[in-house]
Structure formats: C-alpha cells, structure tokens
Amino acid sequence: MPAGAAVRDRVTAMSPGEQLCRACGLCCDGTLFHHVKLGAGDDPRALRANGMNLLASRARPPIRRLPQPCAALCADRSCRIYARRPTQCRTFECRVFQDLTAGRITAQAAMLLVRRARRWADRARQLLRRLGGGDEHRPLSERFLRARRRAESGEADATARETCADLSLVMHRLHLLAHEKFHTRPGTPES
Ligand code: SF4
Ligand code: SF4
C-alpha cells in the first residue's frame, strides 16, 4: 500500500525510500495488515479485471477490501497492478519510510529494521508451516491466532505446543517492532 510501494516498479535510479520498499513489502504480504480498504476513487471492476479477488461487507453500500497477502505482490516485492493500485496503496507510508524520507534515520538503519521484521515474519511462517494448517493465503496474525487456538485445544502434542510457544515469542517481537517502527501514528494514512 505504500506510497513507498508506489514506487516499487521503477527499477532505475531508485531513491533510498524506493530501495527500502523494494526490499520490504511487509505492508502488502499480510505481515502488517489484513487487507486494503477500497475508497470512493477505486474501481472494483477494474481491479477484478486485473485478477484481484475482492471481499465485500454486507453493509449497503458494501465496504470492499483487497485481502492480504495481496495477490498483486510479486516475488521481487514489486506490485503487479502498480498503475491501478488502490488509493490506500498510493498514500500509505509506514513510519520507517517516513523517518527515512524525512532524514530522521539513515538508509542503513531503515534497512536494518526492514530486514529484522522480515526475518521474524519469515521465521513465524516457517513455524506455522511446521504446525500445519495450509492457510498461507491468510494474514500472518490470523494464522497465528488459529494455530494458537489449535495448540490450546488439547489436540496438539508436546512438540506442537513447543513450536507454538516459539511462534508466540516470534510474533510478540514482530508485533512490538511493527507497533514501534512501522504502524503510523493517529491522523496519518493507514490501512
Ligand atoms: S512497510 Fe514501509 S518500507 Fe515496507 S514496503 Fe511498506 S511503506 Fe515500504
Ligand atoms: S495492490 Fe497489493 S501489492 Fe500493490 S501496493 Fe497494494 S497491497 Fe501492495
């Protein structure tokens, strides 16, 4: 969603912010968010025509959302529908991105934060895979809550409970880092 992601497709002369987003993608892959909310200026039909699956609430008019992990996120962390991405994707900037572009932190410090967050998110997914579930298409925190419920249900064996304990620790660290460094303060665009 990032204005940061806004720039992911340009491969030449990338600014430090562009390079950061290209190395990150955490606001598109289900690590930081569950969905992108569509706004009045977004065209659901055009998004569907581009292969995007949208969710709609029962409200009238319905609130439409683009679920994460986003189907438009490519392996190289670029956005497949960059030119037609939703408004929220165009405007969102995480705090790391904001701090970098405002000169409050160096490119190196920003990249270290992104790498740390990605490392923990990768580790969490690895542990989730060990626990089974087959729900890779769901947001990370939702997968974690499901896995924890299974582990606490009494059906899990000792190994699974231990894996779930490791997962809880990784998710706790990831949530703290996301809260402190990635989520925006009230009043700033958020998804
Ligand atoms: S989380 Fe921040 S740094 Fe990462 S892609 Fe999104 S805007 Fe860019
Ligand atoms: S459409 Fe998907 S991949 Fe593209 S910027 Fe938005 S959330 Fe990220």
# chains A, B, ... in the order shown; residues from 1 in each chain; ligands from 1
>>> residues_around(residues="Cys70 (chain A)", least_positions_apart="5", cutoff="12 Å", atoms="only C-alpha atoms", output="PyMOL selection string")
chain A and resi 1+25-36+51-54+65+75+77-81+85-86+89+136-139
>>> residues_near_ligand(ligand="ligand 1", cutoff="10 Å", atoms="only C-alpha atoms and all ligand atoms", output="VMD selection string")
chain A and resid 1 to 8 17 to 29 31 to 33 77 to 78 89 to 98 100 110 to 111 113 to 115 117 to 118 178 181 to 184
>>> atom_distance(atom1="CA of Ser141 (chain A)", atom2="CA of Ala156 (chain A)")
19.5 Å
>>> atom_distance(atom1="CA of Arg60 (chain A)", atom2="CA of Asp43 (chain A)")
16.8 Å
>>> select_by_dssp(residues="chain A", states="strand (DSSP E or B)", output="PyMOL selection string")
chain A and resi 2+35-37+55-56+64-67+73+79+92
>>> atom_distance(atom1="CA of Gln68 (chain A)", atom2="CA of Asn50 (chain A)")
15.8 Å
>>> closest_residue(among="A:Arg148, A:Arg64, A:Arg84, A:Arg116", to="ligand 2", atoms="only C-alpha atoms and all ligand atoms")
A:Arg84
>>> closest_residue(among="A:Ala40, A:Ala124, A:Leu177, A:Met14", to="Leu112 (chain A)", atoms="only C-alpha atoms")
A:Leu177
>>> residues_around(residues="Thr163 (chain A)", least_positions_apart="5", cutoff="9 Å", atoms="only C-alpha atoms", output="list of chain:residue names")
A:Leu127, A:Leu128, A:Arg130, A:Leu131, A:Ala158, A:Ser168
>>> select_by_dssp(residues="region 132-170 of chain A", states="helix (DSSP H, G or I)", output="PDB file with all heavy atoms, in the first residue's frame")
ATOM      1  N   LEU A 140      -0.803 -12.996   8.458  1.00  0.00           N
ATOM      2  CA  LEU A 140       0.054 -13.688   9.421  1.00  0.00           C
ATOM      3  C   LEU A 140      -0.565 -13.747  10.817  1.00  0.00           C
ATOM      4  O   LEU A 140      -0.569 -14.804  11.453  1.00  0.00           O
ATOM      5  CB  LEU A 140       1.418 -12.975   9.463  1.00  0.00           C
ATOM      6  CG  LEU A 140       2.491 -13.612  10.308  1.00  0.00           C
ATOM      7  CD1 LEU A 140       2.764 -15.048   9.883  1.00  0.00           C
ATOM      8  CD2 LEU A 140       3.777 -12.803  10.250  1.00  0.00           C
ATOM      9  N   SER A 141      -1.104 -12.642  11.318  1.00  0.00           N
ATOM     10  CA  SER A 141      -1.610 -12.674  12.695  1.00  0.00           C
ATOM     11  C   SER A 141      -2.845 -13.567  12.799  1.00  0.00           C
ATOM     12  O   SER A 141      -3.073 -14.200  13.819  1.00  0.00           O
ATOM     13  CB  SER A 141      -1.893 -11.271  13.222  1.00  0.00           C
ATOM     14  OG  SER A 141      -2.753 -10.598  12.370  1.00  0.00           O
ATOM     15  N   GLU A 142      -3.638 -13.641  11.716  1.00  0.00           N
ATOM     16  CA  GLU A 142      -4.794 -14.533  11.726  1.00  0.00           C
ATOM     17  C   GLU A 142      -4.326 -15.987  11.780  1.00  0.00           C
ATOM     18  O   GLU A 142      -4.863 -16.821  12.522  1.00  0.00           O
ATOM     19  CB  GLU A 142      -5.624 -14.294  10.470  1.00  0.00           C
ATOM     20  CG  GLU A 142      -6.959 -14.988  10.486  1.00  0.00           C
ATOM     21  CD  GLU A 142      -7.708 -14.762   9.181  1.00  0.00           C
ATOM     22  OE1 GLU A 142      -7.792 -13.616   8.723  1.00  0.00           O
ATOM     23  OE2 GLU A 142      -8.184 -15.765   8.624  1.00  0.00           O
ATOM     24  N   ARG A 143      -3.304 -16.313  11.024  1.00  0.00           N
ATOM     25  CA  ARG A 143      -2.759 -17.676  11.033  1.00  0.00           C
ATOM     26  C   ARG A 143      -2.227 -18.023  12.427  1.00  0.00           C
ATOM     27  O   ARG A 143      -2.395 -19.140  12.913  1.00  0.00           O
ATOM     28  CB  ARG A 143      -1.626 -17.794  10.010  1.00  0.00           C
ATOM     29  CG  ARG A 143      -2.098 -17.644   8.587  1.00  0.00           C
ATOM     30  CD  ARG A 143      -0.946 -17.733   7.622  1.00  0.00           C
ATOM     31  NE  ARG A 143      -0.313 -19.043   7.633  1.00  0.00           N
ATOM     32  CZ  ARG A 143       0.866 -19.306   7.089  1.00  0.00           C
ATOM     33  NH1 ARG A 143       1.551 -18.337   6.512  1.00  0.00           N
ATOM     34  NH2 ARG A 143       1.362 -20.520   7.120  1.00  0.00           N
ATOM     35  N   PHE A 144      -1.571 -17.042  13.036  1.00  0.00           N
ATOM     36  CA  PHE A 144      -1.021 -17.277  14.375  1.00  0.00           C
ATOM     37  C   PHE A 144      -2.143 -17.574  15.373  1.00  0.00           C
ATOM     38  O   PHE A 144      -2.061 -18.532  16.149  1.00  0.00           O
ATOM     39  CB  PHE A 144      -0.217 -16.046  14.810  1.00  0.00           C
ATOM     40  CG  PHE A 144       0.097 -16.015  16.273  1.00  0.00           C
ATOM     41  CD1 PHE A 144       0.766 -17.071  16.882  1.00  0.00           C
ATOM     42  CD2 PHE A 144      -0.280 -14.937  17.057  1.00  0.00           C
ATOM     43  CE1 PHE A 144       1.042 -17.043  18.251  1.00  0.00           C
ATOM     44  CE2 PHE A 144      -0.010 -14.913  18.407  1.00  0.00           C
ATOM     45  CZ  PHE A 144       0.646 -15.968  19.014  1.00  0.00           C
ATOM     46  N   LEU A 145      -3.208 -16.772  15.343  1.00  0.00           N
ATOM     47  CA  LEU A 145      -4.309 -16.981  16.292  1.00  0.00           C
ATOM     48  C   LEU A 145      -4.954 -18.348  16.096  1.00  0.00           C
ATOM     49  O   LEU A 145      -5.285 -19.031  17.055  1.00  0.00           O
ATOM     50  CB  LEU A 145      -5.345 -15.867  16.156  1.00  0.00           C
ATOM     51  CG  LEU A 145      -4.862 -14.489  16.627  1.00  0.00           C
ATOM     52  CD1 LEU A 145      -5.924 -13.433  16.387  1.00  0.00           C
ATOM     53  CD2 LEU A 145      -4.455 -14.518  18.102  1.00  0.00           C
ATOM     54  N   ARG A 146      -5.121 -18.764  14.837  1.00  0.00           N
ATOM     55  CA  ARG A 146      -5.682 -20.095  14.560  1.00  0.00           C
ATOM     56  C   ARG A 146      -4.781 -21.192  15.118  1.00  0.00           C
ATOM     57  O   ARG A 146      -5.245 -22.153  15.720  1.00  0.00           O
ATOM     58  CB  ARG A 146      -5.808 -20.307  13.051  1.00  0.00           C
ATOM     59  CG  ARG A 146      -6.985 -19.573  12.463  1.00  0.00           C
ATOM     60  CD  ARG A 146      -6.914 -19.649  10.956  1.00  0.00           C
ATOM     61  NE  ARG A 146      -8.125 -19.104  10.385  1.00  0.00           N
ATOM     62  CZ  ARG A 146      -8.878 -19.711   9.502  1.00  0.00           C
ATOM     63  NH1 ARG A 146      -8.542 -20.883   9.042  1.00  0.00           N
ATOM     64  NH2 ARG A 146      -9.965 -19.155   9.045  1.00  0.00           N
ATOM     65  N   ALA A 147      -3.462 -21.041  14.860  1.00  0.00           N
ATOM     66  CA  ALA A 147      -2.512 -22.060  15.319  1.00  0.00           C
ATOM     67  C   ALA A 147      -2.519 -22.124  16.840  1.00  0.00           C
ATOM     68  O   ALA A 147      -2.466 -23.214  17.428  1.00  0.00           O
ATOM     69  CB  ALA A 147      -1.112 -21.736  14.805  1.00  0.00           C
ATOM     70  N   ARG A 148      -2.596 -20.974  17.480  1.00  0.00           N
ATOM     71  CA  ARG A 148      -2.594 -20.961  18.949  1.00  0.00           C
ATOM     72  C   ARG A 148      -3.860 -21.618  19.502  1.00  0.00           C
ATOM     73  O   ARG A 148      -3.813 -22.358  20.469  1.00  0.00           O
ATOM     74  CB  ARG A 148      -2.454 -19.528  19.458  1.00  0.00           C
ATOM     75  CG  ARG A 148      -2.004 -19.479  20.908  1.00  0.00           C
ATOM     76  CD  ARG A 148      -1.693 -18.106  21.373  1.00  0.00           C
ATOM     77  NE  ARG A 148      -2.883 -17.252  21.325  1.00  0.00           N
ATOM     78  CZ  ARG A 148      -2.881 -15.979  21.670  1.00  0.00           C
ATOM     79  NH1 ARG A 148      -1.758 -15.390  22.031  1.00  0.00           N
ATOM     80  NH2 ARG A 148      -3.983 -15.272  21.610  1.00  0.00           N
ATOM     81  N   ARG A 149      -4.991 -21.334  18.846  1.00  0.00           N
ATOM     82  CA  ARG A 149      -6.245 -21.975  19.292  1.00  0.00           C
ATOM     83  C   ARG A 149      -6.137 -23.496  19.186  1.00  0.00           C
ATOM     84  O   ARG A 149      -6.550 -24.220  20.079  1.00  0.00           O
ATOM     85  CB  ARG A 149      -7.424 -21.470  18.451  1.00  0.00           C
ATOM     86  CG  ARG A 149      -8.108 -20.239  19.063  1.00  0.00           C
ATOM     87  CD  ARG A 149      -9.501 -20.065  18.494  1.00  0.00           C
ATOM     88  NE  ARG A 149      -9.504 -19.872  17.063  1.00  0.00           N
ATOM     89  CZ  ARG A 149      -9.378 -18.694  16.465  1.00  0.00           C
ATOM     90  NH1 ARG A 149      -9.235 -17.618  17.195  1.00  0.00           N
ATOM     91  NH2 ARG A 149      -9.399 -18.591  15.161  1.00  0.00           N
ATOM     92  N   ARG A 150      -5.542 -23.962  18.059  1.00  0.00           N
ATOM     93  CA  ARG A 150      -5.391 -25.417  17.888  1.00  0.00           C
ATOM     94  C   ARG A 150      -4.502 -25.994  18.989  1.00  0.00           C
ATOM     95  O   ARG A 150      -4.794 -27.035  19.563  1.00  0.00           O
ATOM     96  CB  ARG A 150      -4.781 -25.738  16.515  1.00  0.00           C
ATOM     97  CG  ARG A 150      -5.765 -25.646  15.348  1.00  0.00           C
ATOM     98  CD  ARG A 150      -5.219 -26.374  14.121  1.00  0.00           C
ATOM     99  NE  ARG A 150      -3.944 -25.864  13.668  1.00  0.00           N
ATOM    100  CZ  ARG A 150      -3.782 -24.839  12.840  1.00  0.00           C
ATOM    101  NH1 ARG A 150      -4.835 -24.203  12.366  1.00  0.00           N
ATOM    102  NH2 ARG A 150      -2.581 -24.440  12.469  1.00  0.00           N
ATOM    103  N   ALA A 151      -3.392 -25.268  19.271  1.00  0.00           N
ATOM    104  CA  ALA A 151      -2.439 -25.760  20.274  1.00  0.00           C
ATOM    105  C   ALA A 151      -3.073 -25.778  21.658  1.00  0.00           C
ATOM    106  O   ALA A 151      -2.745 -26.628  22.487  1.00  0.00           O
ATOM    107  CB  ALA A 151      -1.189 -24.885  20.273  1.00  0.00           C
ATOM    108  N   GLU A 152      -3.988 -24.854  21.915  1.00  0.00           N
ATOM    109  CA  GLU A 152      -4.601 -24.774  23.249  1.00  0.00           C
ATOM    110  C   GLU A 152      -5.838 -25.659  23.362  1.00  0.00           C
ATOM    111  O   GLU A 152      -6.428 -25.765  24.431  1.00  0.00           O
ATOM    112  CB  GLU A 152      -4.975 -23.312  23.555  1.00  0.00           C
ATOM    113  CG  GLU A 152      -3.734 -22.445  23.816  1.00  0.00           C
ATOM    114  CD  GLU A 152      -4.065 -20.969  23.883  1.00  0.00           C
ATOM    115  OE1 GLU A 152      -5.232 -20.614  23.609  1.00  0.00           O
ATOM    116  OE2 GLU A 152      -3.151 -20.187  24.200  1.00  0.00           O
ATOM    117  N   ALA A 158       3.030 -32.539  22.437  1.00  0.00           N
ATOM    118  CA  ALA A 158       4.017 -31.699  23.129  1.00  0.00           C
ATOM    119  C   ALA A 158       4.895 -30.925  22.151  1.00  0.00           C
ATOM    120  O   ALA A 158       5.225 -29.753  22.377  1.00  0.00           O
ATOM    121  CB  ALA A 158       4.872 -32.586  24.029  1.00  0.00           C
ATOM    122  N   THR A 159       5.266 -31.583  21.037  1.00  0.00           N
ATOM    123  CA  THR A 159       6.121 -30.901  20.049  1.00  0.00           C
ATOM    124  C   THR A 159       5.395 -29.703  19.453  1.00  0.00           C
ATOM    125  O   THR A 159       5.970 -28.622  19.302  1.00  0.00           O
ATOM    126  CB  THR A 159       6.518 -31.888  18.924  1.00  0.00           C
ATOM    127  OG1 THR A 159       7.055 -33.047  19.509  1.00  0.00           O
ATOM    128  CG2 THR A 159       7.524 -31.270  17.982  1.00  0.00           C
ATOM    129  N   ALA A 160       4.138 -29.904  19.123  1.00  0.00           N
ATOM    130  CA  ALA A 160       3.364 -28.810  18.534  1.00  0.00           C
ATOM    131  C   ALA A 160       3.199 -27.665  19.534  1.00  0.00           C
ATOM    132  O   ALA A 160       3.274 -26.487  19.178  1.00  0.00           O
ATOM    133  CB  ALA A 160       2.003 -29.315  18.069  1.00  0.00           C
ATOM    134  N   ARG A 161       3.000 -28.001  20.795  1.00  0.00           N
ATOM    135  CA  ARG A 161       2.842 -26.952  21.812  1.00  0.00           C
ATOM    136  C   ARG A 161       4.136 -26.165  21.970  1.00  0.00           C
ATOM    137  O   ARG A 161       4.134 -24.953  22.123  1.00  0.00           O
ATOM    138  CB  ARG A 161       2.406 -27.575  23.137  1.00  0.00           C
ATOM    139  CG  ARG A 161       0.935 -28.000  23.160  1.00  0.00           C
ATOM    140  CD  ARG A 161       0.432 -28.186  24.577  1.00  0.00           C
ATOM    141  NE  ARG A 161       1.184 -29.203  25.305  1.00  0.00           N
ATOM    142  CZ  ARG A 161       0.922 -30.518  25.253  1.00  0.00           C
ATOM    143  NH1 ARG A 161      -0.074 -30.951  24.519  1.00  0.00           N
ATOM    144  NH2 ARG A 161       1.649 -31.378  25.946  1.00  0.00           N
ATOM    145  N   GLU A 162       5.248 -26.884  21.883  1.00  0.00           N
ATOM    146  CA  GLU A 162       6.549 -26.216  21.993  1.00  0.00           C
ATOM    147  C   GLU A 162       6.782 -25.294  20.783  1.00  0.00           C
ATOM    148  O   GLU A 162       7.252 -24.168  20.926  1.00  0.00           O
ATOM    149  CB  GLU A 162       7.639 -27.290  22.051  1.00  0.00           C
ATOM    150  CG  GLU A 162       8.930 -26.815  22.683  1.00  0.00           C
ATOM    151  CD  GLU A 162       9.910 -27.977  22.827  1.00  0.00           C
ATOM    152  OE1 GLU A 162       9.540 -29.007  23.426  1.00  0.00           O
ATOM    153  OE2 GLU A 162      11.011 -27.830  22.291  1.00  0.00           O
ATOM    154  N   THR A 163       6.440 -25.799  19.617  1.00  0.00           N
ATOM    155  CA  THR A 163       6.580 -24.977  18.402  1.00  0.00           C
ATOM    156  C   THR A 163       5.698 -23.732  18.514  1.00  0.00           C
ATOM    157  O   THR A 163       6.083 -22.624  18.136  1.00  0.00           O
ATOM    158  CB  THR A 163       6.173 -25.791  17.147  1.00  0.00           C
ATOM    159  OG1 THR A 163       6.972 -26.965  17.108  1.00  0.00           O
ATOM    160  CG2 THR A 163       6.361 -24.994  15.878  1.00  0.00           C
ATOM    161  N   CYS A 164       4.502 -23.924  19.066  1.00  0.00           N
ATOM    162  CA  CYS A 164       3.582 -22.802  19.205  1.00  0.00           C
ATOM    163  C   CYS A 164       4.122 -21.785  20.208  1.00  0.00           C
ATOM    164  O   CYS A 164       3.932 -20.575  20.043  1.00  0.00           O
ATOM    165  CB  CYS A 164       2.196 -23.309  19.626  1.00  0.00           C
ATOM    166  SG  CYS A 164       0.940 -22.072  19.378  1.00  0.00           S
ATOM    167  N   ALA A 165       4.815 -22.266  21.236  1.00  0.00           N
ATOM    168  CA  ALA A 165       5.418 -21.345  22.209  1.00  0.00           C
ATOM    169  C   ALA A 165       6.506 -20.508  21.525  1.00  0.00           C
ATOM    170  O   ALA A 165       6.605 -19.288  21.731  1.00  0.00           O
ATOM    171  CB  ALA A 165       5.994 -22.122  23.377  1.00  0.00           C
ATOM    172  N   ASP A 166       7.322 -21.158  20.685  1.00  0.00           N
ATOM    173  CA  ASP A 166       8.353 -20.426  19.922  1.00  0.00           C
ATOM    174  C   ASP A 166       7.687 -19.396  19.013  1.00  0.00           C
ATOM    175  O   ASP A 166       8.137 -18.260  18.898  1.00  0.00           O
ATOM    176  CB  ASP A 166       9.170 -21.395  19.047  1.00  0.00           C
ATOM    177  CG  ASP A 166      10.073 -22.288  19.876  1.00  0.00           C
ATOM    178  OD1 ASP A 166      10.251 -21.990  21.076  1.00  0.00           O
ATOM    179  OD2 ASP A 166      10.585 -23.287  19.330  1.00  0.00           O
ATOM    180  N   LEU A 167       6.609 -19.824  18.373  1.00  0.00           N
ATOM    181  CA  LEU A 167       5.880 -18.930  17.464  1.00  0.00           C
ATOM    182  C   LEU A 167       5.329 -17.719  18.220  1.00  0.00           C
ATOM    183  O   LEU A 167       5.410 -16.583  17.733  1.00  0.00           O
ATOM    184  CB  LEU A 167       4.742 -19.720  16.796  1.00  0.00           C
ATOM    185  CG  LEU A 167       3.779 -18.938  15.931  1.00  0.00           C
ATOM    186  CD1 LEU A 167       4.499 -18.337  14.721  1.00  0.00           C
ATOM    187  CD2 LEU A 167       2.632 -19.848  15.452  1.00  0.00           C
ATOM    188  N   SER A 168       4.795 -17.944  19.392  1.00  0.00           N
ATOM    189  CA  SER A 168       4.241 -16.843  20.191  1.00  0.00           C
ATOM    190  C   SER A 168       5.310 -15.802  20.488  1.00  0.00           C
ATOM    191  O   SER A 168       5.057 -14.596  20.426  1.00  0.00           O
ATOM    192  CB  SER A 168       3.663 -17.362  21.515  1.00  0.00           C
ATOM    193  OG  SER A 168       2.600 -18.226  21.265  1.00  0.00           O
ATOM    194  N   LEU A 169       6.505 -16.282  20.806  1.00  0.00           N
ATOM    195  CA  LEU A 169       7.608 -15.366  21.113  1.00  0.00           C
ATOM    196  C   LEU A 169       7.992 -14.545  19.880  1.00  0.00           C
ATOM    197  O   LEU A 169       8.171 -13.320  19.950  1.00  0.00           O
ATOM    198  CB  LEU A 169       8.806 -16.172  21.619  1.00  0.00           C
ATOM    199  CG  LEU A 169       9.981 -15.375  22.150  1.00  0.00           C
ATOM    200  CD1 LEU A 169       9.570 -14.508  23.324  1.00  0.00           C
ATOM    201  CD2 LEU A 169      11.109 -16.312  22.559  1.00  0.00           C
ATOM    202  N   VAL A 170       8.091 -15.213  18.742  1.00  0.00           N
ATOM    203  CA  VAL A 170       8.452 -14.514  17.493  1.00  0.00           C
ATOM    204  C   VAL A 170       7.375 -13.483  17.142  1.00  0.00           C
ATOM    205  O   VAL A 170       7.678 -12.342  16.781  1.00  0.00           O
ATOM    206  CB  VAL A 170       8.622 -15.537  16.345  1.00  0.00           C
ATOM    207  CG1 VAL A 170       8.778 -14.829  15.017  1.00  0.00           C
ATOM    208  CG2 VAL A 170       9.824 -16.429  16.604  1.00  0.00           C
TER     209      VAL A 170
END
>>> closest_residue(among="A:Gln126, A:Thr87, A:Thr106, A:Ser15", to="ligand 2", atoms="only C-alpha atoms and all ligand atoms")
A:Thr87
>>> closest_residue(among="A:Pro69, A:Ile63, A:Ala56, A:Pro16", to="ligand 2", atoms="only C-alpha atoms and all ligand atoms")
A:Pro69
